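A.B. asks: What follows is a structure written as structure tokens; I'll ask about it next.
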Amino acid sequence: MINYRDLGLVNTRDMFEKSAKGGYAIPAYNFNNMEQLQAIVQACVETESPVILQVSSGARKYANQTLLRYMAQGAVEYSKELTGGRAIPIALHLDHGDSFELCKSCVEYGFSSVMIDGSHLPYEENIELSKKVADYAHEFDVTVEGELGVLAGIEDEVKAEEHVYTRPEEVEDFTKRTGVDSLAIAIGTSHGAYKFKPGTETKIRLDILEEIEKRIPGFSIVLHGSSSVPPELIEKINKYGGRMKDAVGIPEDQLRAAAKSAVQKINIDSDGRLAVTAAIREVMATKPSEFDPRKYLGPARDALKELYKHKNVHVLGSAGHAWD
Ligand code: G3H
Ligand code: 13P
Ligand code: ZN
């Protein structure tokens, strides 16, 4: 059993208290490998932003849980090296945990925050599972994110064709009975690079968010599926041999508005994947004799860092808040 504090990590409680007061949201970026982690830490140090490092079940399988734990610890040490002293606040969070056992294992492996995603379960079962995880995690001061409502797209390897928006009338009961620290809601965002059908309005339901805020004032809200799918990245991918048609994301101004409200955590993964893919495709297409992975992973890492810096400054508003 390793406690997250021994790794130099923080949980999300303090982060969310400060972001609520400051009118910004904490970036939650997924990582699976060293280059992604370096880009996240570099970007967040350079913009002086707190950050949540997210690990999905897929990432755990891909990279190995022991390696990931040491990488997160390494991220704290690396940030100290970059600042020349103090580490930026870094939380290690399980993204879309689907069972009590997985959440328990992450708590024991040094995670400072876990998500229990019971959103596909019947309401009462979601409550029961989320409460069980919250009770266990809180013994170790690990914070817990629950979810109500279902995002369209692929979530937990389940494909939902339609959104099931979070019902505002359920949030008070759910948060009270489970004891979770934050709540992921479904208001029209979705996972992946194809969030809206071509020709349809690219709008999320900020009115539902407002209604939820009224029911649980001050409670920390989380938005999943919040990539913006920058058209210039799609163009670059397609220019260099990719085939991504009709990819559309959430407009940045809508996320900025959400970040100023009760939304304290915004999850972004797909945009990073696009930045990496565009950079690697460009090297592969323009330098076909190159075969040193550092020559394409390096530019991919640089592109990723610039993307995250942009998000922290212009979308999340978290830049400059590391030392709040
Ligand atoms: O919510 C999904 C995240 O983008 C993680 O994706 O399960 O493919 O690692 P993944
Ligand atoms: P995107 O696919 O929009 O980046 O969402 C990521 C996410 O919600 C991770 O949990
Ligand atoms: Zn998600």
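Each chain in the structure tokens gets a letter, A, B and so on, in the order shown; residues start at 1 in every chain, and ligands are counted from 1 in the order they appear.
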Please produce, as CSV, a per-residue contact table for chain A versus ligand 2 (criterion: any atom at most 9 Å away, only C-alpha atoms and all ligand atoms considered), showing the nearest atom pair and its distance in Å to one decimal, sorted by chain then residue number.

C.D. replies:
```
residue,atom,partner,partner_atom_place_in_ligand_line,distance
A:Ala28,CA,ligand 2,9 (C),7.9
A:Tyr29,CA,ligand 2,9 (C),7.7
A:Asn30,CA,ligand 2,9 (C),6.8
A:Gln54,CA,ligand 2,10 (O),7.7
A:Val55,CA,ligand 2,10 (O),8.8
A:Ser56,CA,ligand 2,10 (O),7.6
A:Asp95,CA,ligand 2,10 (O),5.6
A:His96,CA,ligand 2,10 (O),6.5
A:Gly153,CA,ligand 2,2 (O),8.9
A:Ile154,CA,ligand 2,2 (O),8.7
A:Glu155,CA,ligand 2,10 (O),8.2
A:Thr189,CA,ligand 2,3 (O),7.3
A:Ser190,CA,ligand 2,3 (O),6.0
A:His191,CA,ligand 2,2 (O),3.7
A:Gly192,CA,ligand 2,2 (O),3.7
A:Ala193,CA,ligand 2,2 (O),6.4
A:Tyr194,CA,ligand 2,2 (O),8.9
A:Lys195,CA,ligand 2,3 (O),8.0
A:Leu223,CA,ligand 2,8 (O),7.1
A:His224,CA,ligand 2,8 (O),3.5
A:Gly225,CA,ligand 2,3 (O),3.1
A:Ser226,CA,ligand 2,3 (O),4.1
A:Ser227,CA,ligand 2,3 (O),3.8
A:Ser228,CA,ligand 2,3 (O),7.2
A:Val229,CA,ligand 2,3 (O),8.1
A:Gly249,CA,ligand 2,3 (O),7.4
A:Ile250,CA,ligand 2,3 (O),8.1
A:Ile266,CA,ligand 2,8 (O),7.8
A:Asn267,CA,ligand 2,7 (C),4.7
A:Ile268,CA,ligand 2,4 (O),3.8
A:Asp269,CA,ligand 2,4 (O),3.4
A:Ser270,CA,ligand 2,4 (O),3.7
A:Asp271,CA,ligand 2,4 (O),5.8
A:Gly272,CA,ligand 2,4 (O),7.6
A:Arg273,CA,ligand 2,4 (O),8.4
```

A.B. asks: Please save N, CA, C and O atoms of the selected residues as a short mmCIF file (atom, residue, chain, number, x, y, z; two decimals), in the first residue's frame.

C.D. replies:
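So again_10.cif came out as:
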```cif
data_model
loop_
_atom_site.label_atom_id
_atom_site.label_comp_id
_atom_site.auth_asym_id
_atom_site.auth_seq_id
_atom_site.Cartn_x
_atom_site.Cartn_y
_atom_site.Cartn_z
N ALA A 28 -7.58 18.14 -16.91
CA ALA A 28 -7.37 16.71 -16.66
C ALA A 28 -6.94 16.09 -17.98
O ALA A 28 -7.76 15.97 -18.91
N TYR A 29 -5.65 15.81 -18.10
CA TYR A 29 -5.07 15.29 -19.34
C TYR A 29 -4.70 13.82 -19.16
O TYR A 29 -4.05 13.46 -18.17
N ASN A 30 -5.07 13.00 -20.13
CA ASN A 30 -4.74 11.57 -20.07
C ASN A 30 -3.30 11.33 -20.50
O ASN A 30 -2.80 12.00 -21.40
N GLN A 54 -4.49 11.89 -15.80
CA GLN A 54 -5.52 10.85 -15.83
C GLN A 54 -4.99 9.56 -16.44
O GLN A 54 -4.33 9.58 -17.48
N VAL A 55 -5.37 8.47 -15.79
CA VAL A 55 -4.99 7.15 -16.28
C VAL A 55 -6.27 6.34 -16.47
O VAL A 55 -7.05 6.19 -15.52
N SER A 56 -6.50 5.89 -17.68
CA SER A 56 -7.69 5.06 -17.93
C SER A 56 -7.35 3.58 -17.70
O SER A 56 -6.16 3.24 -17.55
N ASP A 95 -9.31 7.40 -14.47
CA ASP A 95 -10.37 7.86 -15.38
C ASP A 95 -11.32 6.69 -15.67
O ASP A 95 -10.87 5.60 -16.07
N HIS A 96 -12.61 6.89 -15.46
CA HIS A 96 -13.63 5.86 -15.76
C HIS A 96 -13.39 4.51 -15.09
O HIS A 96 -13.42 3.46 -15.77
N GLY A 153 -21.25 8.47 -27.66
CA GLY A 153 -19.90 8.09 -28.08
C GLY A 153 -19.45 6.85 -27.32
O GLY A 153 -20.28 6.10 -26.80
N ILE A 154 -18.14 6.69 -27.23
CA ILE A 154 -17.64 5.48 -26.59
C ILE A 154 -17.20 5.80 -25.18
O ILE A 154 -16.35 6.64 -24.95
N GLU A 155 -17.84 5.19 -24.22
CA GLU A 155 -17.50 5.40 -22.82
C GLU A 155 -17.40 4.02 -22.20
O GLU A 155 -18.33 3.23 -22.27
N THR A 189 -21.58 16.86 -24.26
CA THR A 189 -20.21 16.54 -24.68
C THR A 189 -20.16 15.03 -24.93
O THR A 189 -21.05 14.29 -24.49
N SER A 190 -19.15 14.57 -25.64
CA SER A 190 -19.01 13.12 -25.86
C SER A 190 -17.55 12.80 -26.11
O SER A 190 -16.76 13.67 -26.49
N HIS A 191 -17.20 11.55 -25.92
CA HIS A 191 -15.80 11.15 -26.10
C HIS A 191 -15.44 11.03 -27.59
O HIS A 191 -16.31 10.77 -28.41
N GLY A 192 -14.16 11.22 -27.88
CA GLY A 192 -13.67 10.98 -29.23
C GLY A 192 -13.65 12.23 -30.09
O GLY A 192 -13.85 13.36 -29.61
N ALA A 193 -13.43 12.04 -31.39
CA ALA A 193 -13.22 13.17 -32.31
C ALA A 193 -14.46 13.51 -33.14
O ALA A 193 -14.43 14.44 -33.94
N TYR A 194 -15.53 12.75 -32.95
CA TYR A 194 -16.74 12.98 -33.77
C TYR A 194 -17.90 13.28 -32.83
O TYR A 194 -18.69 12.40 -32.48
N LYS A 195 -18.00 14.53 -32.40
CA LYS A 195 -18.94 14.85 -31.32
C LYS A 195 -20.29 15.35 -31.82
O LYS A 195 -21.28 15.28 -31.11
N LEU A 223 -16.56 17.95 -16.49
CA LEU A 223 -16.98 17.72 -17.89
C LEU A 223 -16.03 16.75 -18.57
O LEU A 223 -14.83 17.01 -18.67
N HIS A 224 -16.55 15.64 -19.01
CA HIS A 224 -15.79 14.70 -19.85
C HIS A 224 -15.99 15.11 -21.30
O HIS A 224 -16.78 15.99 -21.62
N GLY A 225 -15.28 14.41 -22.18
CA GLY A 225 -15.52 14.58 -23.61
C GLY A 225 -15.37 16.01 -24.08
O GLY A 225 -16.16 16.49 -24.90
N SER A 226 -14.35 16.71 -23.59
CA SER A 226 -14.27 18.15 -23.85
C SER A 226 -13.17 18.56 -24.82
O SER A 226 -12.67 19.68 -24.76
N SER A 227 -12.80 17.68 -25.72
CA SER A 227 -11.86 18.07 -26.77
C SER A 227 -12.56 18.98 -27.77
O SER A 227 -13.75 18.85 -28.01
N SER A 228 -11.78 19.89 -28.35
CA SER A 228 -12.36 20.84 -29.32
C SER A 228 -12.12 20.43 -30.76
O SER A 228 -12.65 21.05 -31.68
N VAL A 229 -11.30 19.40 -30.96
CA VAL A 229 -11.00 18.88 -32.31
C VAL A 229 -10.62 20.03 -33.26
O VAL A 229 -11.37 20.33 -34.22
N GLY A 249 -15.52 19.03 -32.71
CA GLY A 249 -15.46 19.04 -31.24
C GLY A 249 -16.28 20.14 -30.60
O GLY A 249 -17.10 20.79 -31.26
N ILE A 250 -16.01 20.35 -29.32
CA ILE A 250 -16.76 21.37 -28.55
C ILE A 250 -16.07 22.73 -28.74
O ILE A 250 -14.89 22.86 -28.43
N ILE A 266 -11.97 19.67 -16.37
CA ILE A 266 -12.33 19.46 -17.77
C ILE A 266 -11.39 18.41 -18.36
O ILE A 266 -10.16 18.56 -18.30
N ASN A 267 -11.98 17.34 -18.89
CA ASN A 267 -11.19 16.20 -19.40
C ASN A 267 -10.88 16.34 -20.88
O ASN A 267 -11.81 16.50 -21.70
N ILE A 268 -9.61 16.24 -21.22
CA ILE A 268 -9.20 16.37 -22.62
C ILE A 268 -8.19 15.27 -22.95
O ILE A 268 -7.14 15.18 -22.33
N ASP A 269 -8.53 14.45 -23.90
CA ASP A 269 -7.64 13.38 -24.35
C ASP A 269 -7.51 13.39 -25.87
O ASP A 269 -6.41 13.43 -26.43
N SER A 270 -8.65 13.40 -26.56
CA SER A 270 -8.63 13.28 -28.03
C SER A 270 -7.80 14.36 -28.71
O SER A 270 -7.07 14.09 -29.68
N ASP A 271 -7.87 15.61 -28.24
CA ASP A 271 -7.10 16.68 -28.89
C ASP A 271 -5.61 16.37 -28.84
O ASP A 271 -4.88 16.66 -29.80
N GLY A 272 -5.17 15.80 -27.73
CA GLY A 272 -3.76 15.41 -27.62
C GLY A 272 -3.41 14.33 -28.64
O GLY A 272 -2.35 14.35 -29.27
N ARG A 273 -4.33 13.39 -28.81
CA ARG A 273 -4.09 12.31 -29.79
C ARG A 273 -3.97 12.90 -31.19
O ARG A 273 -3.15 12.46 -32.00
#
```

A.B. asks: Skipping near chain neighbours, those fewer than 5 positions away, what residues fall within 9 Å of Tyr123 of chain A using only C-alpha atoms, listed as a PyMOL selection string?

C.D. replies: chain A and resi 118+128+148+174

A.B. asks: What would the file look like if the residues just selected were written as a compact mmCIF listing (two decimals), in the first residue's frame with N, CA, C and O atoms?

C.D. replies:
```txt
# COMPACT_ATOMS: atom_id res chain seq x y z
N GLY A 118 -20.46 4.78 -12.60
CA GLY A 118 -21.61 3.87 -12.54
C GLY A 118 -22.74 4.40 -13.40
O GLY A 118 -23.89 4.05 -13.20
N GLU A 128 -25.20 2.90 -4.92
CA GLU A 128 -24.60 1.90 -4.02
C GLU A 128 -23.10 1.73 -4.31
O GLU A 128 -22.26 1.75 -3.40
N LEU A 148 -23.34 10.94 -13.37
CA LEU A 148 -24.78 10.78 -13.61
C LEU A 148 -25.10 11.24 -15.02
O LEU A 148 -24.67 12.33 -15.42
N PHE A 174 -28.16 12.22 -5.30
CA PHE A 174 -27.00 11.39 -5.63
C PHE A 174 -25.76 11.83 -4.85
O PHE A 174 -25.05 11.01 -4.25
```

A.B. asks: Could you write out, as a list in words, all the residues of segment 58-117 of chain A that DSSP marks as strand (DSSP E)?

C.D. replies: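 Filtering segment 58-117 of chain A to strand (DSSP E) leaves Ile90, Ala91, Leu92, His93, Leu94, Asp95, His96, Gly97, Ser113, Val114, Met115 and Ile116 of chain A.
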
A.B. asks: Go through A:Glu201, A:Asp246, A:Asp6, A:Glu235 one by one, measure the shortest atom-to-atom distance of each to Val76 of chain A using only C-alpha atoms, and give the residue with the smallest value.

C.D. replies: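 Ranking A:Glu201, A:Asp246, A:Asp6, A:Glu235 by distance to Val76 of chain A, first place goes to A:Asp6.
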
A.B. asks: Using Å and a single decimal, report how far atom CA of Ile208 of chain A sits from atom CA of Pro231 of chain A.

C.D. replies: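 It comes out at 27.4 Å.
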
A.B. asks: For each of A:Ala279, A:Ala152, A:Ala87, A:Leu304, take the minimum atom-to-atom distance to ligand 1, counting only C-alpha atoms and all ligand atoms, then give the residue where this is smallest.

C.D. replies: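 Nearest to ligand 1: A:Ala152.
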
A.B. asks: Got a sec to tell me which of segment 6-181 of chain A DSSP assigns to alpha helix (DSSP H), as a ChimeraX atom specification?

C.D. replies: /A:13-22,34-46,57-63,65-83,100-108,123-138,168-178

A.B. asks: Can you list, as a list in words, every protein, DNA or RNA residue that comes within 8 Å of Val150 of chain A when you count only C-alpha atoms, leaving out same-chain residues fewer than 6 positions away?

C.D. replies: Ser119, His120, Ala160, His163, Val164, Tyr165, Thr166, Ile185 and Ala186 of chain A

A.B. asks: Rank A:Met244, A:Ala134, A:Val41, A:Ile212 by their smallest atom-to-atom distance to Arg177 of chain A, using only C-alpha atoms, and report the top residue only.

C.D. replies: A:Ala134

A.B. asks: Residues within 9 Å of Leu209 of chain A, please, as a PyMOL selection string. Count only C-alpha atoms; anything in the same chain fewer than 5 positions from it doesn't count.

C.D. replies: chain A and resi 166+168+185-187+214+221+258+261-263

A.B. asks: Which residues are close to Val10 of chain A, i.e. within 9 Å by only C-alpha atoms, leaving aside same-chain residues fewer than 4 positions away? Reply as a PDB file with C-alpha atoms, in the first residue's frame.

C.D. replies:
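The result, stored in part02.pdb:
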```pdb
ATOM      1  CA  TYR A   4      -0.271   9.308  -2.762  1.00  0.00           C
ATOM      2  CA  ARG A   5       1.287  11.817  -0.376  1.00  0.00           C
ATOM      3  CA  ASP A  14      -7.808  21.792  -2.420  1.00  0.00           C
ATOM      4  CA  MET A  15      -7.479  22.225  -6.197  1.00  0.00           C
ATOM      5  CA  PRO A  89       0.137  20.647  -7.729  1.00  0.00           C
ATOM      6  CA  ILE A  90      -0.278  17.267  -9.468  1.00  0.00           C
ATOM      7  CA  ALA A  91      -3.093  14.778  -8.837  1.00  0.00           C
ATOM      8  CA  LEU A  92      -3.069  11.216 -10.181  1.00  0.00           C
ATOM      9  CA  SER A 112      -4.862  10.555  -5.184  1.00  0.00           C
ATOM     10  CA  SER A 113      -8.263  10.568  -6.893  1.00  0.00           C
ATOM     11  CA  VAL A 142      -8.391   9.976  -1.820  1.00  0.00           C
TER      12      VAL A 142
END
```

A.B. asks: Would you list the contacts of Tyr62 of chain A as number ranges by chain, taking every protein, DNA or RNA residue within 10 Å and counting only C-alpha atoms, but skipping same-chain residues closer than 4 positions in sequence?

C.D. replies: A: 32-33, 56-58, 68

A.B. asks: Would you mind telling me which residue in A:Leu316, A:Leu94, A:Ala285, A:Val180 lies nearest to ligand 3 when using only C-alpha atoms and all ligand atoms?

C.D. replies: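 Using only C-alpha atoms and all ligand atoms, ligand 3 sits closest to A:Leu94.
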
A.B. asks: Give me, as a list in words, all polymer residues having an atom no more than 12 Å from Ala303 of chain A, counting only C-alpha atoms and skipping those fewer than 5 positions away in the same chain.

C.D. replies: Glu35, Gln36, Gln38, Ala39, Ile40, Gln42, Ala43, Leu233, Asp271, Gly272, Arg273, Leu274, Ala275, Val276, Thr277, Ala278, Ala279, Ile280, Glu282, Tyr296, Leu297, Gly298, Tyr308, Lys309 and His310 of chain A

A.B. asks: Could the residues in this selection be saved with N, CA, C and O atoms as an mmCIF file, in the first residue's frame?

C.D. replies:
```
data_model
loop_
_atom_site.group_PDB
_atom_site.id
_atom_site.type_symbol
_atom_site.label_atom_id
_atom_site.label_comp_id
_atom_site.auth_asym_id
_atom_site.auth_seq_id
_atom_site.Cartn_x
_atom_site.Cartn_y
_atom_site.Cartn_z
ATOM 1 N N GLU A 35 6.313 10.563 -23.438
ATOM 2 C CA GLU A 35 6.245 11.835 -24.165
ATOM 3 C C GLU A 35 5.008 12.636 -23.774
ATOM 4 O O GLU A 35 5.064 13.864 -23.631
ATOM 5 N N GLN A 36 3.890 11.941 -23.599
ATOM 6 C CA GLN A 36 2.667 12.642 -23.183
ATOM 7 C C GLN A 36 2.862 13.267 -21.797
ATOM 8 O O GLN A 36 2.473 14.402 -21.557
ATOM 9 N N GLN A 38 5.729 14.107 -20.334
ATOM 10 C CA GLN A 38 6.667 15.243 -20.414
ATOM 11 C C GLN A 38 5.949 16.488 -20.928
ATOM 12 O O GLN A 38 6.147 17.589 -20.401
ATOM 13 N N ALA A 39 5.149 16.320 -21.970
ATOM 14 C CA ALA A 39 4.448 17.471 -22.557
ATOM 15 C C ALA A 39 3.498 18.102 -21.536
ATOM 16 O O ALA A 39 3.423 19.332 -21.416
ATOM 17 N N ILE A 40 2.793 17.270 -20.783
ATOM 18 C CA ILE A 40 1.848 17.789 -19.778
ATOM 19 C C ILE A 40 2.612 18.576 -18.713
ATOM 20 O O ILE A 40 2.257 19.715 -18.370
ATOM 21 N N GLN A 42 5.696 19.861 -18.758
ATOM 22 C CA GLN A 42 6.348 21.063 -19.307
ATOM 23 C C GLN A 42 5.326 22.186 -19.499
ATOM 24 O O GLN A 42 5.546 23.327 -19.102
ATOM 25 N N ALA A 43 4.186 21.834 -20.115
ATOM 26 C CA ALA A 43 3.166 22.855 -20.390
ATOM 27 C C ALA A 43 2.630 23.450 -19.092
ATOM 28 O O ALA A 43 2.441 24.672 -18.992
ATOM 29 N N LEU A 233 -5.718 20.762 -37.026
ATOM 30 C CA LEU A 233 -5.085 19.451 -36.792
ATOM 31 C C LEU A 233 -5.689 18.395 -37.718
ATOM 32 O O LEU A 233 -4.981 17.538 -38.255
ATOM 33 N N ASP A 271 -7.875 15.609 -28.239
ATOM 34 C CA ASP A 271 -7.101 16.682 -28.889
ATOM 35 C C ASP A 271 -5.606 16.374 -28.842
ATOM 36 O O ASP A 271 -4.877 16.661 -29.799
ATOM 37 N N GLY A 272 -5.173 15.802 -27.731
ATOM 38 C CA GLY A 272 -3.760 15.415 -27.624
ATOM 39 C C GLY A 272 -3.414 14.329 -28.635
ATOM 40 O O GLY A 272 -2.350 14.350 -29.268
ATOM 41 N N ARG A 273 -4.327 13.391 -28.805
ATOM 42 C CA ARG A 273 -4.093 12.313 -29.786
ATOM 43 C C ARG A 273 -3.968 12.897 -31.189
ATOM 44 O O ARG A 273 -3.148 12.456 -31.995
ATOM 45 N N LEU A 274 -4.807 13.890 -31.472
ATOM 46 C CA LEU A 274 -4.773 14.512 -32.806
ATOM 47 C C LEU A 274 -3.454 15.253 -33.016
ATOM 48 O O LEU A 274 -2.845 15.155 -34.092
ATOM 49 N N ALA A 275 -2.998 15.983 -31.992
ATOM 50 C CA ALA A 275 -1.748 16.749 -32.120
ATOM 51 C C ALA A 275 -0.571 15.803 -32.372
ATOM 52 O O ALA A 275 0.289 16.073 -33.224
ATOM 53 N N VAL A 276 -0.551 14.697 -31.653
ATOM 54 C CA VAL A 276 0.529 13.715 -31.816
ATOM 55 C C VAL A 276 0.480 13.100 -33.214
ATOM 56 O O VAL A 276 1.490 13.011 -33.916
ATOM 57 N N THR A 277 -0.706 12.714 -33.625
ATOM 58 C CA THR A 277 -0.856 12.055 -34.931
ATOM 59 C C THR A 277 -0.472 12.995 -36.069
ATOM 60 O O THR A 277 0.243 12.595 -37.006
ATOM 61 N N ALA A 278 -0.901 14.259 -35.980
ATOM 62 C CA ALA A 278 -0.582 15.228 -37.043
ATOM 63 C C ALA A 278 0.934 15.410 -37.146
ATOM 64 O O ALA A 278 1.495 15.416 -38.250
ATOM 65 N N ALA A 279 1.599 15.550 -35.995
ATOM 66 C CA ALA A 279 3.048 15.790 -36.014
ATOM 67 C C ALA A 279 3.793 14.567 -36.554
ATOM 68 O O ALA A 279 4.731 14.703 -37.362
ATOM 69 N N ILE A 280 3.396 13.406 -36.140
ATOM 70 C CA ILE A 280 4.087 12.185 -36.603
ATOM 71 C C ILE A 280 3.839 11.973 -38.096
ATOM 72 O O ILE A 280 4.762 11.669 -38.853
ATOM 73 N N GLU A 282 3.317 14.204 -40.328
ATOM 74 C CA GLU A 282 4.098 15.176 -41.096
ATOM 75 C C GLU A 282 5.548 14.677 -41.274
ATOM 76 O O GLU A 282 6.094 14.723 -42.377
ATOM 77 N N TYR A 296 10.453 11.642 -34.650
ATOM 78 C CA TYR A 296 9.019 11.941 -34.807
ATOM 79 C C TYR A 296 8.295 12.059 -33.460
ATOM 80 O O TYR A 296 7.334 12.810 -33.333
ATOM 81 N N LEU A 297 8.787 11.362 -32.436
ATOM 82 C CA LEU A 297 8.142 11.515 -31.120
ATOM 83 C C LEU A 297 8.499 12.864 -30.488
ATOM 84 O O LEU A 297 7.703 13.440 -29.751
ATOM 85 N N GLY A 298 9.688 13.363 -30.812
ATOM 86 C CA GLY A 298 10.106 14.682 -30.298
ATOM 87 C C GLY A 298 9.183 15.797 -30.792
ATOM 88 O O GLY A 298 8.603 16.537 -29.986
ATOM 89 N N TYR A 308 -1.403 21.971 -24.959
ATOM 90 C CA TYR A 308 -1.789 22.051 -23.542
ATOM 91 C C TYR A 308 -1.605 23.466 -22.994
ATOM 92 O O TYR A 308 -2.414 23.927 -22.187
ATOM 93 N N LYS A 309 -0.548 24.135 -23.439
ATOM 94 C CA LYS A 309 -0.342 25.512 -22.973
ATOM 95 C C LYS A 309 -1.525 26.385 -23.423
ATOM 96 O O LYS A 309 -2.052 27.183 -22.660
ATOM 97 N N HIS A 310 -1.917 26.194 -24.677
ATOM 98 C CA HIS A 310 -3.059 26.943 -25.213
ATOM 99 C C HIS A 310 -4.314 26.672 -24.365
ATOM 100 O O HIS A 310 -5.053 27.591 -24.007
#
```

A.B. asks: Restricting the calculation to only C-alpha atoms and all ligand atoms, which member of A:Gln73, A:Leu151, A:Arg13, A:Ser49 is positioned closest to ligand 1?

C.D. replies: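 The answer is A:Leu151, which sits nearest to ligand 1.
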
A.B. asks: How far is it from atom CA of Ala137 of chain A to atom CA of Lys265 of chain A, in Å with one decimal?

C.D. replies: 19.1 Å

A.B. asks: Between atom CA of Phe100 of chain A and atom CA of Ala59 of chain A, what is the distance in Å, rounded to a tenth?

C.D. replies: 18.0 Å

A.B. asks: Quick one: of A:Ala25, A:Ile237, A:Glu172, A:Ser220, who's nearest to Val315 of chain A, counting only C-alpha atoms?

C.D. replies: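 The shortest atom-to-atom distance to Val315 of chain A comes from A:Ala25.
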